[in-house]
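Please read the structure below before turning to the comments.
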Amino acid sequence: MNTLYISQPLQTGFAVQTNCNELLSALKLKHGKYAKTTGAAAYTVTVTKTAAGYKAACNGQEQLSAGPLWAVEEVMYHLRDYDPNIFAIHGGAVQYQNGAYLFVAGTTGGKTTLTAYLTTVGFAYITDDCILLNRKNNLVYPFQTPLHLRQGGYQVLQQAVPKPIKTQVLNAPDFWRITYTPSLLATGPVPLKKIYFIERTGQENRVVPMSTTERITALLKSPIKNYRVDGNYLRYLTKLAQTPCERLLYHNMAFVAEVIKNDE
């Protein structure tokens, strides 16, 4: 079997063992620079082909799928943990000047397309799916996998960007995406400047202030993992809610770029 190491920043490392070359290629396109032929791992995920499909197994976790990539990603999702100092948020982030701007939304919420667009107009790429925020000092750490766009998001991006971007297609049986790796990257931890809870609209562009209660409620829905909701956690979110947070309704992605550039 061949082994590929998925070594992502400030989180659990995995080794994936398989004889499926298609899976190895898909993992490299999905994880980019974090997929390596050497490394260390807390867990080893073994992928085998069965009559019913592909089975990924590790530490009591098993997933079966028609294609191997989804099975591997599901096993890693259930076993993945983050550094204790990290609050892991489901969202994208870019750097402008010396500040990190976060875009928080659920799956299909438009954060990847928006993040991709901003990286074509002068903003540095931090992450597009998992924000690694240090609880102690509010630094946002780069987590720069290739951006993975659905067909609809890519079409929106094509219409909005000033010039064509270089892409590759991740064409696994169970996961099809157009991938894009920005050339302008954040090079180190970036201080948190503002959190936007984004919503793509049909024609509206506006920024909506949020009360402290609205901020805390939105932050409770934002993690990419299930945190234990206890007193310490609620106190942390209450403190984080003192960071500027706004709802950002947008139709035109250029509007978002101007909002950030004009942020005081």
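Residues in the structure tokens are numbered from 1 in each chain, the chains being A, B, ... in the order shown, and ligands are numbered from 1 in the order shown.
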Segment 162-264 of chain A: which residues are helix (DSSP H, G or I) by DSSP, as a VMD selection string? chain A and resid 212 to 220 231 to 240 253 to 261
Emit the selected residues as a PDB file, in the first residue's frame, including N, CA and C atoms.
```
ATOM      1  N   THR A 212     -25.209  42.601  20.893  1.00  0.00           N
ATOM      2  CA  THR A 212     -24.351  41.621  21.556  1.00  0.00           C
ATOM      3  C   THR A 212     -25.020  40.250  21.599  1.00  0.00           C
ATOM      4  N   THR A 213     -26.319  40.212  21.874  1.00  0.00           N
ATOM      5  CA  THR A 213     -27.039  38.936  21.912  1.00  0.00           C
ATOM      6  C   THR A 213     -27.031  38.268  20.542  1.00  0.00           C
ATOM      7  N   GLU A 214     -27.239  39.041  19.484  1.00  0.00           N
ATOM      8  CA  GLU A 214     -27.216  38.490  18.130  1.00  0.00           C
ATOM      9  C   GLU A 214     -25.826  37.953  17.786  1.00  0.00           C
ATOM     10  N   ARG A 215     -24.795  38.647  18.227  1.00  0.00           N
ATOM     11  CA  ARG A 215     -23.421  38.191  17.970  1.00  0.00           C
ATOM     12  C   ARG A 215     -23.145  36.860  18.652  1.00  0.00           C
ATOM     13  N   ILE A 216     -23.508  36.751  19.912  1.00  0.00           N
ATOM     14  CA  ILE A 216     -23.260  35.515  20.658  1.00  0.00           C
ATOM     15  C   ILE A 216     -24.049  34.363  20.036  1.00  0.00           C
ATOM     16  N   THR A 217     -25.299  34.614  19.668  1.00  0.00           N
ATOM     17  CA  THR A 217     -26.126  33.578  19.047  1.00  0.00           C
ATOM     18  C   THR A 217     -25.505  33.097  17.747  1.00  0.00           C
ATOM     19  N   ALA A 218     -25.017  34.043  16.926  1.00  0.00           N
ATOM     20  CA  ALA A 218     -24.385  33.672  15.659  1.00  0.00           C
ATOM     21  C   ALA A 218     -23.088  32.915  15.890  1.00  0.00           C
ATOM     22  N   LEU A 219     -22.312  33.329  16.885  1.00  0.00           N
ATOM     23  CA  LEU A 219     -21.045  32.650  17.175  1.00  0.00           C
ATOM     24  C   LEU A 219     -21.276  31.236  17.693  1.00  0.00           C
ATOM     25  N   LEU A 220     -22.369  31.022  18.425  1.00  0.00           N
ATOM     26  CA  LEU A 220     -22.696  29.671  18.905  1.00  0.00           C
ATOM     27  C   LEU A 220     -22.939  28.709  17.746  1.00  0.00           C
ATOM     28  N   GLY A 231     -19.529  26.865  31.004  1.00  0.00           N
ATOM     29  CA  GLY A 231     -19.313  28.248  31.419  1.00  0.00           C
ATOM     30  C   GLY A 231     -18.110  28.885  30.760  1.00  0.00           C
ATOM     31  N   ASN A 232     -16.991  28.155  30.704  1.00  0.00           N
ATOM     32  CA  ASN A 232     -15.786  28.710  30.090  1.00  0.00           C
ATOM     33  C   ASN A 232     -16.001  29.023  28.614  1.00  0.00           C
ATOM     34  N   TYR A 233     -16.695  28.131  27.934  1.00  0.00           N
ATOM     35  CA  TYR A 233     -16.948  28.324  26.501  1.00  0.00           C
ATOM     36  C   TYR A 233     -17.844  29.542  26.276  1.00  0.00           C
ATOM     37  N   LEU A 234     -18.892  29.677  27.071  1.00  0.00           N
ATOM     38  CA  LEU A 234     -19.797  30.811  26.916  1.00  0.00           C
ATOM     39  C   LEU A 234     -19.108  32.121  27.267  1.00  0.00           C
ATOM     40  N   ARG A 235     -18.219  32.097  28.256  1.00  0.00           N
ATOM     41  CA  ARG A 235     -17.473  33.307  28.590  1.00  0.00           C
ATOM     42  C   ARG A 235     -16.546  33.698  27.441  1.00  0.00           C
ATOM     43  N   TYR A 236     -15.938  32.678  26.808  1.00  0.00           N
ATOM     44  CA  TYR A 236     -15.069  32.980  25.663  1.00  0.00           C
ATOM     45  C   TYR A 236     -15.867  33.606  24.522  1.00  0.00           C
ATOM     46  N   LEU A 237     -17.028  33.031  24.195  1.00  0.00           N
ATOM     47  CA  LEU A 237     -17.826  33.571  23.102  1.00  0.00           C
ATOM     48  C   LEU A 237     -18.330  34.977  23.427  1.00  0.00           C
ATOM     49  N   THR A 238     -18.660  35.221  24.682  1.00  0.00           N
ATOM     50  CA  THR A 238     -19.091  36.556  25.085  1.00  0.00           C
ATOM     51  C   THR A 238     -17.961  37.560  24.886  1.00  0.00           C
ATOM     52  N   LYS A 239     -16.747  37.144  25.209  1.00  0.00           N
ATOM     53  CA  LYS A 239     -15.595  38.018  24.991  1.00  0.00           C
ATOM     54  C   LYS A 239     -15.336  38.220  23.496  1.00  0.00           C
ATOM     55  N   LEU A 240     -15.425  37.129  22.711  1.00  0.00           N
ATOM     56  CA  LEU A 240     -15.205  37.237  21.267  1.00  0.00           C
ATOM     57  C   LEU A 240     -16.255  38.133  20.622  1.00  0.00           C
ATOM     58  N   MET A 253     -19.956  41.057  -5.298  1.00  0.00           N
ATOM     59  CA  MET A 253     -18.768  40.786  -4.487  1.00  0.00           C
ATOM     60  C   MET A 253     -17.826  41.978  -4.442  1.00  0.00           C
ATOM     61  N   ALA A 254     -17.862  42.838  -5.461  1.00  0.00           N
ATOM     62  CA  ALA A 254     -17.051  44.058  -5.430  1.00  0.00           C
ATOM     63  C   ALA A 254     -17.486  44.966  -4.280  1.00  0.00           C
ATOM     64  N   PHE A 255     -18.774  44.904  -3.920  1.00  0.00           N
ATOM     65  CA  PHE A 255     -19.267  45.662  -2.769  1.00  0.00           C
ATOM     66  C   PHE A 255     -18.553  45.223  -1.501  1.00  0.00           C
ATOM     67  N   VAL A 256     -18.354  43.918  -1.329  1.00  0.00           N
ATOM     68  CA  VAL A 256     -17.671  43.403  -0.144  1.00  0.00           C
ATOM     69  C   VAL A 256     -16.238  43.929  -0.089  1.00  0.00           C
ATOM     70  N   ALA A 257     -15.560  43.920  -1.233  1.00  0.00           N
ATOM     71  CA  ALA A 257     -14.187  44.439  -1.280  1.00  0.00           C
ATOM     72  C   ALA A 257     -14.136  45.889  -0.831  1.00  0.00           C
ATOM     73  N   GLU A 258     -15.097  46.702  -1.265  1.00  0.00           N
ATOM     74  CA  GLU A 258     -15.117  48.105  -0.882  1.00  0.00           C
ATOM     75  C   GLU A 258     -15.438  48.280   0.588  1.00  0.00           C
ATOM     76  N   VAL A 259     -16.326  47.441   1.126  1.00  0.00           N
ATOM     77  CA  VAL A 259     -16.652  47.501   2.553  1.00  0.00           C
ATOM     78  C   VAL A 259     -15.392  47.284   3.382  1.00  0.00           C
ATOM     79  N   ILE A 260     -14.608  46.296   3.016  1.00  0.00           N
ATOM     80  CA  ILE A 260     -13.375  46.000   3.764  1.00  0.00           C
ATOM     81  C   ILE A 260     -12.364  47.141   3.627  1.00  0.00           C
ATOM     82  N   LYS A 261     -12.184  47.621   2.402  1.00  0.00           N
ATOM     83  CA  LYS A 261     -11.204  48.694   2.174  1.00  0.00           C
ATOM     84  C   LYS A 261     -11.573  49.972   2.922  1.00  0.00           C
TER      85      LYS A 261
END
```
Surrounding residues of segment 43-45 of chain A excluding itself and chain neighbours under 4 positions, 10 Å, only C-alpha atoms, as a PyMOL selection string: chain A and resi 3-5+12-18+55-59+61-62+71-73+75-76+79-80
Option closest in space to Gly106 of chain A, from A:Lys194, A:Lys30, A:His251, A:His90 [counting only C-alpha atoms]: A:His90
DSSP on the backbone: what in segment 63-156 of chain A comes out strand (DSSP E or B), as an MDAnalysis selection string? chainID A and resid 63:65 82 86:96 99:104 124:127 130:134 139:141 147:149
Pick from A:Trp70, A:Tyr196, A:Tyr250, A:Phe175 nearest to Tyr54 of chain A, counting only C-alpha atoms: A:Trp70
Show me, as a VMD selection string, the residues that have an atom within 6 Å of segment 96-104 of chain A when counting only C-alpha atoms, minus same-chain residues fewer than 6 positions from it. chain A and resid 123 190 to 197
Spatial neighbours of Val156 of chain A, max dist 8 Å, only C-alpha atoms, sep filter under 4 positions, as a PyMOL selection string: chain A and resi 113+152+160
For the residues in the current selection, export C-alpha atoms as a tab-separated table (two decimals), in the first residue's frame.
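Saved the output as again09.tsv:
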```
chain	number	residue	atom	x	y	z
A	113	THR	CA	-16.64	31.95	-3.97
A	152	GLY	CA	-22.31	27.45	-9.87
A	160	ALA	CA	-16.82	38.77	-11.52
```
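We find atom CA of Lys166 of chain A and atom CA of Ser183 of chain A to be spaced 10.0 Å apart.
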Need to verify the contact set: Gly122 of chain A, 9 Å, only C-alpha atoms, exclusion of same-chain residues closer than 3 positions in sequence. Can you return it as a PyMOL selection string? chain A and resi 96+118-119+184
Written selection (C-alpha atoms) as a compact mmCIF listing (two decimals), in the first residue's frame:
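Contents of selection_16.txt, freshly written:
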```txt
# COMPACT_ATOMS: atom_id res chain seq x y z
CA TYR A 96 -6.25 43.28 4.21
CA LEU A 118 -11.23 38.71 -3.01
CA THR A 119 -7.89 36.95 -3.60
CA LEU A 184 -1.30 36.03 -2.84
```
Long-range neighbours of Leu170 of chain A as a list in words, 10 Å cut-off, only C-alpha atoms, 3 positions minimum in chain: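 Using only C-alpha atoms, the neighbours found are Ser25, Ala26, Leu27, Lys28, Leu29, Lys30, His148, Leu149, Thr167, Pro173, Phe175, Trp176, Arg177, Ile178 and Thr179 of chain A.
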In Å and to one decimal, atom CA of Gln159 of chain A is distant from atom CA of Lys33 of chain A by 28.2 Å
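Distance annotation: of A:Tyr125, A:Phe87, A:Tyr180, A:Tyr154, the residue with the minimal separation from Asn138 of chain A is A:Phe87; atom set is only C-alpha atoms.
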Need to verify the contact set: segment 223-227 of chain A, 7 Å, only C-alpha atoms, exclusion of same-chain residues closer than 6 positions in sequence. Can you return it as a list in words?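 Near segment 223-227 of chain A, the qualifying residues are Ala88, Ile89, His90 and Cys130 of chain A.
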